[in-house]
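Chemist: Let me begin by handing over the structure; questions about it come next.
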Amino acid sequence: MTSKPFLSLLLCFLMCPGFGVAAPQAPAAPASDRSATAGDSERIRDLVRAGSLYLGLQDALALAIENNLDVELERFAVPQGDTELERAQGGGTNRGLTYTLQEAPVGVGGPLSPLVVAPASSNGPNGTSVPTNALELGVLGEPVDNYSLQGSVQQSSGTPVPTYDPSVFGQLSWLHQSTLETNPGAYGTSNLVQQGFVANAGIQQGFSTGAQAAFNFDNLHQSSNAANTAYNPVSGSSLGFTVTQPLLRGFGRSLNRRFIRIAGNERKISSLLFQQQLILTVYGVIRLYTDFVALYEDVNVKEETLRSASKLLADTQAQVDEGTLAPVELTRAKAQVFSTEQDLINSRGLLEEQEIILKSVMTRDAGATLRGIRIVPTDTLAIPDKDEVRPLQDQVAEAVAHRPDLGQARLQVENSRIGLAGSRNATKPEIDLVGTMQNNGLAGAATGYLAGTNLPLIGGYGSALGQALARDYPTYGIGLQVTLPIHNRIAEADLARDELQVKQSQIRVRQLQNQATLEVEDALIAMRRARASYAAAVQARKFQQESLEAEQTRFEVGASTAFFVIQYESLVAQARSTEVAAKSSYVKARAALDRATGSILEAHNISIDAALKGQTR
């Protein structure tokens, strides 16, 4: 029996398709070549005219996609999924991903926002309010969301997997050794001097069955001053092949390819996390831009209110001069002018604060590019005549199916289940099947010590190599290596904890689904409330305006006083601000619904593939 049939069969078993691992692909380069130190996109310069940035919502979204550093950060995180797969295909464990994402700043809010209006006790004359510092309210920072289901507690790695990438090993050494012998008869000399060199090489590789295979090619050449050896010098050569195949712990393609499957899911997760970051940023820009437009319109309301108060002051001054009004009415009119001026100053300050926050999410340098440039919104707040809202159950189903945060959460649970196989397998005993084959060759020069005898191994290194290749002196062996742990508490504890973590992750996914349902319902309620509030605000503003006009007519003929006109002017100003705030609330509720259902990118014609390249289309 020769070794060739057995060797060929074993090699075929290990290296046939399915038992090895496909050659890893090089990780994809980051989709965007722009670094964090690059400047803002050319779009900004295209939108600046006469020292102002004329900005529509779609332009604001485009600038954020091109320049926002939160999006850029996650854009460079996407190729990490490719590196995870490459590492796993080589037999490495997964390093994991970063699951923290940044939301856009909250902003100061729109008119009548509770974030910017001081408590009622601080109200000045006629309801004038003093806003609190935005920094103290925490509306300038970016909220951080962590989408990891397991947090900082990672699943155990379980049974180690083989290294799938082949490696070549070698050894080349030379040795000269002198040994003082106490028994000179053993070697025919009292000072045994040996010298020689070793040249060994081989290749080893792991396979997805759990097997480890190694092929070695060993060579030596040795000479000595011994007087009683048959061959001196001696050359040896051997060809060997060793395979170790686990039968319990570490056995199976599914087990040993688990990190590859996990890495494949992590590639999907990294893309979903980028999509989620894009949603967070787009929603944040919509909210910030909407509030900015509302504040911009509210400034116009305050300016018109100031003009009305100034006109009232002039009319009151004229009537006081004529003696038809008491001087106290002039004092009231002046107080109203200063009160409305204070409201205008506050509104303009809030607008400026919202402007710098909006600039910060659209640029790479916290708005330094646009410093000194005022934003002029080109879009207005509008409420459609009728809402086209699908049934609640359809929108909830869409959210559960399409939201990227839910999709990546389900993949995390799947990865936990895959990893659980490694923890379970680690509790099994180690039983390995070991097979070896080796062909040997040996040759040397006859010394004459055994003169007259038949010495078959005469020759040099070529003779020894020829013997090994011809399989003249084969060696075969097969056996079992068994390790039976008496009590494997480490592996058992890891398995128990990993099983608990999988169950916790499943519960967490259910919580996220419930949260998505709640967000959809809440957005629908907010839309209905904002629409009803807007309708009521419109009617209130109309009637307050009519009442003001009637009171102004009475005032002009001396039938009323400045006190009552001031009251009606304040009510009209409040009604107009409430109308603006209601429109703003509706637009933000509509965006919140699109975010809750996962359709906000589609609603604004944003391509994920284009955004991954730092483009808008």
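Each chain in the structure tokens gets a letter, A, B and so on, in the order shown; residues start at 1 in every chain, and ligands are counted from 1 in the order they appear.
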Please provide as a list in words all residues within 10 Å of region 366-374 of chain A, with the sequence filter that same-chain residues fewer than 4 positions apart are discarded (counting only C-alpha atoms).

Modeler: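 Everything that qualifies: Gly39, Asp40, Ile44, Arg45, Val48, Arg49, Ala50, Gly51, Ser52, Leu53, Tyr54, Asn68, Leu69, Glu352, Glu355, Ile356, Ile357, Leu358, Lys359, Ser360, Val361 and Met362 of chain A.
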
Chemist: If DSSP is run on the backbone, what residues of region 147-358 of chain A are strand (DSSP E)? A reply as a JSON list (two decimals) with C-alpha atoms, in the first residue's frame would be ideal.

Modeler:
[["chain", "number", "residue", "atom", "x", "y", "z"],
["A", 167, "SER", "CA", 0.81, 30.33, 5.89],
["A", 168, "VAL", "CA", 4.27, 29.22, 4.86],
["A", 169, "PHE", "CA", 6.79, 28.43, 7.55],
["A", 170, "GLY", "CA", 10.48, 27.65, 7.32],
["A", 171, "GLN", "CA", 13.62, 27.05, 9.33],
["A", 172, "LEU", "CA", 17.26, 27.38, 8.27],
["A", 173, "SER", "CA", 19.96, 26.84, 10.88],
["A", 174, "TRP", "CA", 23.60, 25.80, 11.17],
["A", 175, "LEU", "CA", 25.20, 24.26, 14.25],
["A", 176, "HIS", "CA", 28.72, 23.42, 15.37],
["A", 177, "GLN", "CA", 28.91, 21.50, 18.63],
["A", 178, "SER", "CA", 31.78, 20.01, 20.62],
["A", 179, "THR", "CA", 31.01, 17.47, 23.35],
["A", 180, "LEU", "CA", 33.49, 16.08, 25.87],
["A", 191, "ASN", "CA", 35.89, 15.11, 21.95],
["A", 192, "LEU", "CA", 32.88, 14.57, 19.72],
["A", 193, "VAL", "CA", 32.61, 17.38, 17.19],
["A", 194, "GLN", "CA", 29.38, 17.61, 15.20],
["A", 195, "GLN", "CA", 28.29, 20.18, 12.70],
["A", 196, "GLY", "CA", 25.52, 20.49, 10.20],
["A", 197, "PHE", "CA", 22.57, 22.50, 9.01],
["A", 198, "VAL", "CA", 18.80, 22.09, 8.94],
["A", 199, "ALA", "CA", 16.57, 23.43, 6.16],
["A", 200, "ASN", "CA", 12.87, 22.87, 6.78],
["A", 201, "ALA", "CA", 9.84, 24.38, 5.06],
["A", 202, "GLY", "CA", 6.12, 23.80, 4.95],
["A", 203, "ILE", "CA", 2.65, 25.20, 4.53],
["A", 204, "GLN", "CA", -0.32, 25.00, 6.85],
["A", 205, "GLN", "CA", -3.96, 25.98, 6.60],
["A", 206, "GLY", "CA", -7.25, 25.62, 8.40],
["A", 212, "GLN", "CA", -5.94, 21.85, 10.45],
["A", 213, "ALA", "CA", -3.62, 20.54, 7.73],
["A", 214, "ALA", "CA", 0.14, 20.95, 7.45],
["A", 215, "PHE", "CA", 2.62, 19.79, 4.79],
["A", 216, "ASN", "CA", 6.28, 19.84, 5.75],
["A", 217, "PHE", "CA", 9.49, 19.31, 3.81],
["A", 218, "ASP", "CA", 12.44, 18.67, 6.19],
["A", 219, "ASN", "CA", 16.11, 18.39, 5.29],
["A", 220, "LEU", "CA", 19.34, 17.96, 7.21],
["A", 221, "HIS", "CA", 23.04, 17.48, 6.56],
["A", 222, "GLN", "CA", 25.32, 16.42, 9.41],
["A", 223, "SER", "CA", 28.96, 15.40, 9.85],
["A", 224, "SER", "CA", 31.07, 14.48, 12.85],
["A", 231, "TYR", "CA", 27.99, 7.05, 7.31],
["A", 232, "ASN", "CA", 29.74, 10.37, 7.61],
["A", 233, "PRO", "CA", 28.52, 12.87, 6.50],
["A", 234, "VAL", "CA", 24.78, 12.00, 6.55],
["A", 235, "SER", "CA", 21.98, 13.68, 4.55],
["A", 236, "GLY", "CA", 18.30, 13.21, 5.32],
["A", 237, "SER", "CA", 15.07, 14.34, 3.74],
["A", 238, "SER", "CA", 11.40, 13.78, 4.57],
["A", 239, "LEU", "CA", 7.99, 14.76, 3.19],
["A", 240, "GLY", "CA", 5.20, 14.79, 5.74],
["A", 241, "PHE", "CA", 1.50, 15.58, 5.89],
["A", 242, "THR", "CA", -0.49, 15.95, 9.10],
["A", 243, "VAL", "CA", -4.22, 16.51, 9.52],
["A", 244, "THR", "CA", -6.10, 17.17, 12.74],
["A", 245, "GLN", "CA", -9.89, 17.01, 12.49],
["A", 246, "PRO", "CA", -12.04, 17.85, 15.55]]

Chemist: Hey, which of A:Thr305, A:Asn514, A:Asn488, A:Thr578 ends up closest to Ala536 (chain A)? Count only C-alpha atoms.

Modeler: A:Thr578

Chemist: What lies within 7 Å of Ser560 (chain A) using only C-alpha atoms, ignoring chain neighbours under 5 positions off, as a list in words?

Modeler: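 Within the cut-off, the hits are Glu551, Arg554 and Phe555 of chain A.
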
Chemist: Which residues are near Ala186 (chain A)? Cut-off 10 Å, only C-alpha atoms, ignore same chain within fewer than 2 positions. Put them as a ChimeraX atom specification.

Modeler: /A:181-184,188-190,192,226-229

Chemist: Using only C-alpha atoms for the distances, tell me which of A:Glu86, A:Asp291, A:Glu103, A:Glu322 is nearest to Arg267 (chain A).

Modeler: A:Glu86

Chemist: Could the residues of region 336-438 of chain A that have an atom at most 8 Å from region 507-510 of chain A be listed as a Markdown table, each with its closest atom pair and the distance in Å to one decimal, counting only C-alpha atoms and ordered by chain and ascending residue number?

Modeler:
| residue | atom | partner | partner_atom | distance |
| --- | --- | --- | --- | --- |
| A:Leu406 | CA | A:Val509 | CA | 7.1 |
| A:Ala409 | CA | A:Val509 | CA | 6.3 |
| A:Arg410 | CA | A:Val509 | CA | 6.8 |

Chemist: Store the residues of this selection in a file with C-alpha atoms, as a PDB file, in the first residue's frame.

Modeler:
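Printed below is result.pdb as written:
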ATOM      1  CA  LEU A 406     -35.480  48.067  13.414  1.00  0.00           C
ATOM      2  CA  ALA A 409     -31.744  45.500  15.482  1.00  0.00           C
ATOM      3  CA  ARG A 410     -33.151  42.294  13.978  1.00  0.00           C
TER       4      ARG A 410
END

Chemist: Excluding His487 (chain A) and its own-chain neighbours fewer than 4 positions away, which residues fall within 10 Å of it when counting only C-alpha atoms? Please give them as a PyMOL selection string.

Modeler: chain A and resi 427+491-492

Chemist: Please dump the current selection as an mmCIF file, in the first residue's frame; keep N, CA and C atoms.

Modeler:
data_model
loop_
_atom_site.group_PDB
_atom_site.id
_atom_site.type_symbol
_atom_site.label_atom_id
_atom_site.label_comp_id
_atom_site.auth_asym_id
_atom_site.auth_seq_id
_atom_site.Cartn_x
_atom_site.Cartn_y
_atom_site.Cartn_z
ATOM 1 N N THR A 427 -18.856 23.942 25.176
ATOM 2 C CA THR A 427 -19.117 23.085 26.341
ATOM 3 C C THR A 427 -18.857 21.610 26.045
ATOM 4 N N ALA A 491 -17.147 27.681 30.228
ATOM 5 C CA ALA A 491 -17.958 27.564 29.015
ATOM 6 C C ALA A 491 -19.443 27.489 29.349
ATOM 7 N N GLU A 492 -19.784 26.784 30.408
ATOM 8 C CA GLU A 492 -21.190 26.669 30.785
ATOM 9 C C GLU A 492 -21.762 28.013 31.208
#

Chemist: For a quick check of understanding, using only C-alpha atoms, which of A:Asp494, A:Glu329, A:Asp394, A:Glu297 has the smallest distance to Lys583 (chain A)?

Modeler: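 Under the stated criterion, the closest residue is A:Glu297.
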
Chemist: What is the CA of Leu518 (chain A) to CA of Gly151 (chain A) distance in Å?

Modeler: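 Pair CA of Leu518 (chain A) / CA of Gly151 (chain A) returns 23.5 Å.
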
Chemist: Choose the residue, out of A:Thr100, A:Ile486, A:Ser113, A:Gln155, that has the smallest atom-to-atom separation from Pro143 (chain A); count only C-alpha atoms.

Modeler: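 Ranked by minimum distance to Pro143 (chain A), first place goes to A:Thr100.
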
Chemist: May I have the residues within 8 Å of Ala573 (chain A) as a ChimeraX atom specification, using only C-alpha atoms and disregarding those fewer than 2 positions away in the same chain?

Modeler: /A:301-302,305,569-571,575-577

Chemist: Take CA of Ser270 (chain A) and CA of Val78 (chain A) and report the distance between them in Å, one decimal.

Modeler: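 These two atoms are separated by 5.0 Å.
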
Chemist: Could you build a table of the residues in region 166-253 of chain A lying no more than 12 Å from region 414-422 of chain A, giving for each the nearest pair of atoms and their separation in Å rounded to one decimal place, using only C-alpha atoms, ordered by chain and ascending residue number, as JSON lines?

Modeler:
{"residue": "A:Leu248", "atom": "CA", "partner": "A:Gly422", "partner_atom": "CA", "distance": 11.9}
{"residue": "A:Arg249", "atom": "CA", "partner": "A:Gly422", "partner_atom": "CA", "distance": 9.3}
{"residue": "A:Gly250", "atom": "CA", "partner": "A:Gly422", "partner_atom": "CA", "distance": 8.5}
{"residue": "A:Phe251", "atom": "CA", "partner": "A:Gly422", "partner_atom": "CA", "distance": 10.4}
{"residue": "A:Gly252", "atom": "CA", "partner": "A:Ala421", "partner_atom": "CA", "distance": 10.7}
{"residue": "A:Arg253", "atom": "CA", "partner": "A:Ala421", "partner_atom": "CA", "distance": 11.6}

Chemist: Write out as a PyMOL selection string the set of residues from region 197-418 of chain A that DSSP, computed on the backbone, places in helix (DSSP H, G or I).

Modeler: chain A and resi 253-256+258-322+327-362+368-370+392-402+404-418

Chemist: Give the answer as one residue: which of A:Arg497, A:Arg541, A:His604, A:Lys268 has the shortest atom-to-atom distance to Gln150 (chain A), using only C-alpha atoms?

Modeler: A:Arg497

Chemist: Near region 92-94 of chain A, counting only C-alpha atoms, which residues have an atom at most 9 Å away, once you skip same-chain residues fewer than 5 positions from it, shown as a list in words?

Modeler: Glu84, Leu85, Glu86, Arg87, Ser157, Pro160, Val161, Pro162, Thr163, Tyr164, Phe259, Ile260, Ile262 and Ala263 of chain A

Chemist: Name the closest residue to Arg307 (chain A) among the candidates A:Ala611, A:Val328, A:Val337, A:Leu465; distances are taken between atoms, counting only C-alpha atoms.

Modeler: A:Val337

Chemist: Could you tell me how far CA of Gly477 (chain A) sits from CA of Val434 (chain A), in Å to one decimal place?

Modeler: 8.1 Å
